[in-house]
Amino acid sequence: MSAQITQELQAFGFAKVIVVLKSDASNASASSIKAGIEKHFVVSEYSQTASLAASLDLKTANPAFRYYPNLGVALGTVNRESLASLRADKDFVGSVSGAPQISLIRPAMVANAASSQKKNWGIESLKVKQVWDAGFTGKGIFVGHLDTGVDGSHPALKNAIASFARFDALGREEKPAPKAKDSDEHGTHTAATIAGRTASGVEIGIAPEAMLASAEVIEGGDVVARVLGGMDWAVGKGIKVLSMSLGLRGWWQDFLPLTRLLRARNILPVFAVGNEFAGTSRSPGNYAQALSVGAYDKNIQMADFSCSQRFNRKRDPLVPDLVAPGVDILSARPGGGYQLMSGTSMATPHIAGLAALLWQAKPHATVSQIEKAIFASCTLPANMSMERGNRGVPDAVKALAALL
Amino acid sequence: MKNKQTKVDPKLTSQLDRASADQSSVQAVFTLDLPKKKLLQPDEVQAATERVLQRVEQNVGTKAQDYNVFRNLGAFAVEADEPFIRALIDEPEIASATANQQSDAAETKKTRLITKA
């Protein structure tokens, strides 16, 4: 069985497969081929089409498979039993393989901020100011930030970057360390949401006295070793939280042992769940061992783009774990200005910042204590379904009380 | 003889198949099968990696062209020819093997697997 089919069956209880039909089957009519193979496919309530149909309240039937007569190929969903019957079908089936999941970049929504905008609304929504007033601003806490880089000269960030690094194709740190620069604009935005300082009256950071160990890991090719190089480097910097607004679409186990290892080192992994709507998610954000973050908007409604998915596992079967502000988020733009961005990428650093505040309040807390305090503070709004928002919206004041 | 099956990224498998045909080198990322109850120290990770690379070198008769150890993570990245990588996958210390280059060269810059969320 292909590794991809195995991984999907383990994670979801179903897998998407490509079936190449036998060449002599092409002599049969399309309708008899469809009728012949239909019995091998299942409609899964966990599939993305089913989730979308359910969220839109569509009553139309969800096809279990599609047949492409010109190619002599069928694409469909199977469970363990139906996969076995598919493989045993000597009349029609030539070969069965996993369906590749190629993902396109879906850019975060970006807009210019009006000059009158002075505040990230997420600060108020999460009740962070009351925690600052209690004396907890993230001071003394190091947060790992792996992204497209960061503009270290931005007024909101120039005192927030403790270290910056870039890595070669095998994940080796470039020496001497380069100046903190953003190869894009995504990293500057997410970094300032975690730890941006108030500059010219603009308030954007959740933990405005935390320090960042920030690394450029996702521009210049999709190289796993660069992400690992960044993780390894950040761990060596003594971080308490790792914020990663990136991921591989679908379920991939590649980062699972490393995510377990972060927790064993008492580092909270805070990962984005992805922007591809209901019924799907990204790894490592969809691991039970990660704190995965979805997005909501100013009206405390689930962002439609925010991923959500139920897994076939006992522990933490639903992702994201919770939701955070992720629509029209005001934060830093490389070069000195500010802009609005939307995405679970923007929600994730809010929770990384919140974790930094809590860790300052209880420096010897364990990763599970911090996570439990955040989870205990969550409320699911009446207009948000559990399948989409899971535990719902955290509250910094309640999380602090739960921890202390 | 190893007790557990190494988890191998299907993308790495296809890169190895291609490399076998055109004799090119392959970059892969490996995680070590770490003991559950003990966190390995960075020096132990380095030593374990070098031990397994040397063993494969002796068995296969070629060297890795380059490698880098993620000492805090219990993982390492290697660039080597195809027989070396296949032999490394079979070593008992290896828990998983992943293709380092996740995008095929033929794909455009816009088609990426690791993307911003």
# chains A, B, ... in the order shown; residues from 1 in each chain; ligands from 1
call {"tool": "select_by_dssp", "arguments": {"residues": "range 294-380 of chain A", "states": "helix (DSSP H, G or I)", "output": "JSON, numbers by chain"}}
result
{"A": [344, 345, 346, 347, 348, 349, 350, 351, 352, 353, 354, 355, 356, 357, 358, 359, 360, 361, 367, 368, 369, 370, 371, 372, 373, 374, 375, 376]}
call {"tool": "residues_around", "arguments": {"residues": "Pro325 in chain A", "least_positions_apart": "3", "cutoff": "7 Å", "atoms": "only C-alpha atoms", "output": "list of chain:residue names"}}
result
A:Gly122, A:Ala295, A:Tyr296, A:Asp297, A:Ala347
call {"tool": "write_last_selection", "arguments": {"atoms": "N, CA and C atoms", "output": "JSON list (two decimals), in the first residue's frame"}}
result
[["chain", "number", "residue", "atom", "x", "y", "z"],
["A", 122, "GLY", "N", -7.34, 42.73, 17.76],
["A", 122, "GLY", "CA", -7.16, 41.47, 18.48],
["A", 122, "GLY", "C", -6.76, 41.68, 19.94],
["A", 295, "ALA", "N", -9.12, 31.12, 12.50],
["A", 295, "ALA", "CA", -9.29, 32.58, 12.50],
["A", 295, "ALA", "C", -10.75, 33.00, 12.64],
["A", 296, "TYR", "N", -10.98, 34.11, 13.38],
["A", 296, "TYR", "CA", -12.30, 34.73, 13.42],
["A", 296, "TYR", "C", -12.17, 36.22, 13.10],
["A", 297, "ASP", "N", -13.33, 36.84, 12.82],
["A", 297, "ASP", "CA", -13.28, 38.25, 12.43],
["A", 297, "ASP", "C", -13.75, 39.17, 13.57],
["A", 347, "ALA", "N", -3.78, 34.82, 12.85],
["A", 347, "ALA", "CA", -4.37, 34.38, 14.12],
["A", 347, "ALA", "C", -3.31, 33.71, 15.01]]
call {"tool": "select_by_dssp", "arguments": {"residues": "range 101-350 of chain A", "states": "strand (DSSP E)", "output": "number ranges by chain"}}
result
A: 109-112, 142-147, 161-166, 211-216, 241-244, 246-249, 268-272, 282-283, 291-296, 309-310, 318-319, 322-325, 329-332, 338-342
call {"tool": "write_last_selection", "arguments": {"atoms": "C-alpha atoms", "output": "compact mmCIF listing (two decimals), in the first residue's frame"}}
result
# COMPACT_ATOMS: atom_id res chain seq x y z
CA MET A 109 -5.62 38.98 2.00
CA VAL A 110 -3.76 42.24 2.19
CA ALA A 111 -5.00 45.83 2.38
CA ASN A 112 -3.53 49.22 3.17
CA PHE A 142 11.78 34.26 23.99
CA VAL A 143 9.42 33.31 21.19
CA GLY A 144 10.57 31.42 18.10
CA HIS A 145 9.22 32.84 14.84
CA LEU A 146 9.83 30.92 11.60
CA ASP A 147 8.54 32.71 8.54
CA ILE A 161 14.56 40.85 17.60
CA ALA A 162 17.00 39.01 19.88
CA SER A 163 18.42 36.94 17.01
CA PHE A 164 17.87 36.46 13.32
CA ALA A 165 19.05 33.65 11.04
CA ARG A 166 18.85 32.30 7.54
CA MET A 211 11.86 38.90 22.41
CA LEU A 212 11.90 37.07 19.12
CA ALA A 213 14.28 34.47 17.74
CA SER A 214 13.23 34.95 14.15
CA ALA A 215 14.37 33.02 11.08
CA GLU A 216 13.72 33.11 7.36
CA VAL A 241 6.93 29.17 22.30
CA LEU A 242 7.38 28.36 18.60
CA SER A 243 5.08 30.24 16.23
CA MET A 244 4.85 28.85 12.69
CA LEU A 246 3.21 27.70 7.54
CA GLY A 247 2.46 24.13 6.68
CA LEU A 248 2.03 21.31 4.23
CA ARG A 249 -1.48 20.91 2.90
CA LEU A 268 4.67 25.20 23.09
CA PRO A 269 4.22 24.59 19.33
CA VAL A 270 1.65 27.10 18.03
CA PHE A 271 0.86 26.39 14.37
CA ALA A 272 -1.63 27.75 11.81
CA ARG A 282 -2.28 21.59 7.15
CA SER A 283 0.52 19.72 8.85
CA LEU A 291 -1.79 24.01 19.44
CA SER A 292 -3.53 24.72 16.13
CA VAL A 293 -5.13 28.06 15.47
CA GLY A 294 -8.04 29.06 13.23
CA ALA A 295 -9.29 32.58 12.50
CA TYR A 296 -12.30 34.73 13.42
CA GLN A 309 -11.15 19.07 10.06
CA ARG A 310 -12.09 16.06 12.17
CA LEU A 318 -10.76 18.17 15.90
CA VAL A 319 -8.61 20.97 14.48
CA LEU A 322 -9.23 27.23 19.04
CA VAL A 323 -9.69 30.42 17.03
CA ALA A 324 -8.02 33.83 17.28
CA PRO A 325 -8.31 37.21 15.54
CA ILE A 329 -5.33 42.42 11.37
CA LEU A 330 -3.26 45.60 11.64
CA SER A 331 0.46 44.93 11.90
CA ALA A 332 3.84 46.02 10.58
CA TYR A 338 1.44 49.23 8.66
CA GLN A 339 -1.06 47.09 6.78
CA LEU A 340 -4.02 44.80 7.22
CA MET A 341 -3.72 41.08 6.51
CA SER A 342 -6.11 38.16 6.91
call {"tool": "residues_around", "arguments": {"residues": "Val45 in chain B", "least_positions_apart": "3", "cutoff": "10 Å", "atoms": "only C-alpha atoms", "output": "list in words"}}
result
Leu32, Leu34, Leu39, Leu40, Gln41, Pro42, Ala48, Thr49, Glu50, Arg51, Val69, Phe70, Arg71, Asn72, Leu73, Gly74, Ala75 and Phe76 of chain B
call {"tool": "write_last_selection", "arguments": {"atoms": "C-alpha atoms", "output": "PDB file, in the first residue's frame"}}
result
ATOM      1  CA  LEU B  32      16.359   9.407  14.499  1.00  0.00           C
ATOM      2  CA  LEU B  34      14.747   8.424  19.726  1.00  0.00           C
ATOM      3  CA  LEU B  39      15.744  13.230  25.724  1.00  0.00           C
ATOM      4  CA  LEU B  40      18.997  12.914  23.771  1.00  0.00           C
ATOM      5  CA  GLN B  41      21.544  15.646  24.389  1.00  0.00           C
ATOM      6  CA  PRO B  42      22.837  17.543  21.324  1.00  0.00           C
ATOM      7  CA  ALA B  48      24.446   8.911  16.733  1.00  0.00           C
ATOM      8  CA  THR B  49      24.231  10.601  13.324  1.00  0.00           C
ATOM      9  CA  GLU B  50      27.932  10.251  12.611  1.00  0.00           C
ATOM     10  CA  ARG B  51      27.851   6.613  13.681  1.00  0.00           C
ATOM     11  CA  VAL B  69      22.867  17.621  12.017  1.00  0.00           C
ATOM     12  CA  PHE B  70      19.918  19.256  13.802  1.00  0.00           C
ATOM     13  CA  ARG B  71      21.374  18.632  17.218  1.00  0.00           C
ATOM     14  CA  ASN B  72      18.399  19.925  19.196  1.00  0.00           C
ATOM     15  CA  LEU B  73      15.834  18.007  17.169  1.00  0.00           C
ATOM     16  CA  GLY B  74      17.312  14.532  16.768  1.00  0.00           C
ATOM     17  CA  ALA B  75      17.321  14.891  12.981  1.00  0.00           C
ATOM     18  CA  PHE B  76      19.742  15.471  10.110  1.00  0.00           C
TER      19      PHE B  76
END
call {"tool": "closest_atom_pairs", "arguments": {"of": "chain A", "to": "chain B", "cutoff": "6 Å", "atoms": "only C-alpha atoms", "output": "CSV"}}
result
residue,atom,partner,partner_atom,distance
A:Ser103,CA,B:Leu113,CA,5.8
A:Leu104,CA,B:Thr111,CA,5.0
A:Leu170,CA,B:Ala77,CA,5.8
A:Asp222,CA,B:Gln102,CA,5.3
A:Val223,CA,B:Gln101,CA,4.9
A:Val224,CA,B:Asn100,CA,4.9
A:Ala225,CA,B:Asn100,CA,6.0
A:Asp232,CA,B:Asn72,CA,5.3
A:Ser245,CA,B:Ala117,CA,5.3
A:Leu246,CA,B:Lys116,CA,4.4
A:Gly247,CA,B:Ile114,CA,5.2
A:Leu248,CA,B:Ile114,CA,4.9
A:Gly274,CA,B:Ala117,CA,4.8
A:Asn275,CA,B:Ala117,CA,5.9
A:Thr344,CA,B:Ala117,CA,5.8
A:Ser345,CA,B:Ala117,CA,4.8
call {"tool": "atom_distance", "arguments": {"atom1": "CA of Ala156 in chain A", "atom2": "CA of Leu358 in chain A"}}
result
21.8 Å
call {"tool": "closest_residue", "arguments": {"among": "A:Gln289, A:Asn79, A:Ser308, A:Thr190", "to": "Thr348 in chain A", "atoms": "only C-alpha atoms"}}
result
A:Thr190
call {"tool": "atom_distance", "arguments": {"atom1": "CA of Pro363 in chain A", "atom2": "CA of Ile351 in chain A"}}
result
17.1 Å
call {"tool": "closest_residue", "arguments": {"among": "A:Val78, A:Gly152, A:Arg265, A:Gly337", "to": "Ala199 in chain A", "atoms": "only C-alpha atoms"}}
result
A:Gly337
call {"tool": "residues_around", "arguments": {"residues": "range 370-383 of chain A", "least_positions_apart": "4", "cutoff": "7 Å", "atoms": "only C-alpha atoms", "output": "PyMOL selection string"}}
result
chain A and resi 301+355+358+365-366+391-395+398-399+402-403
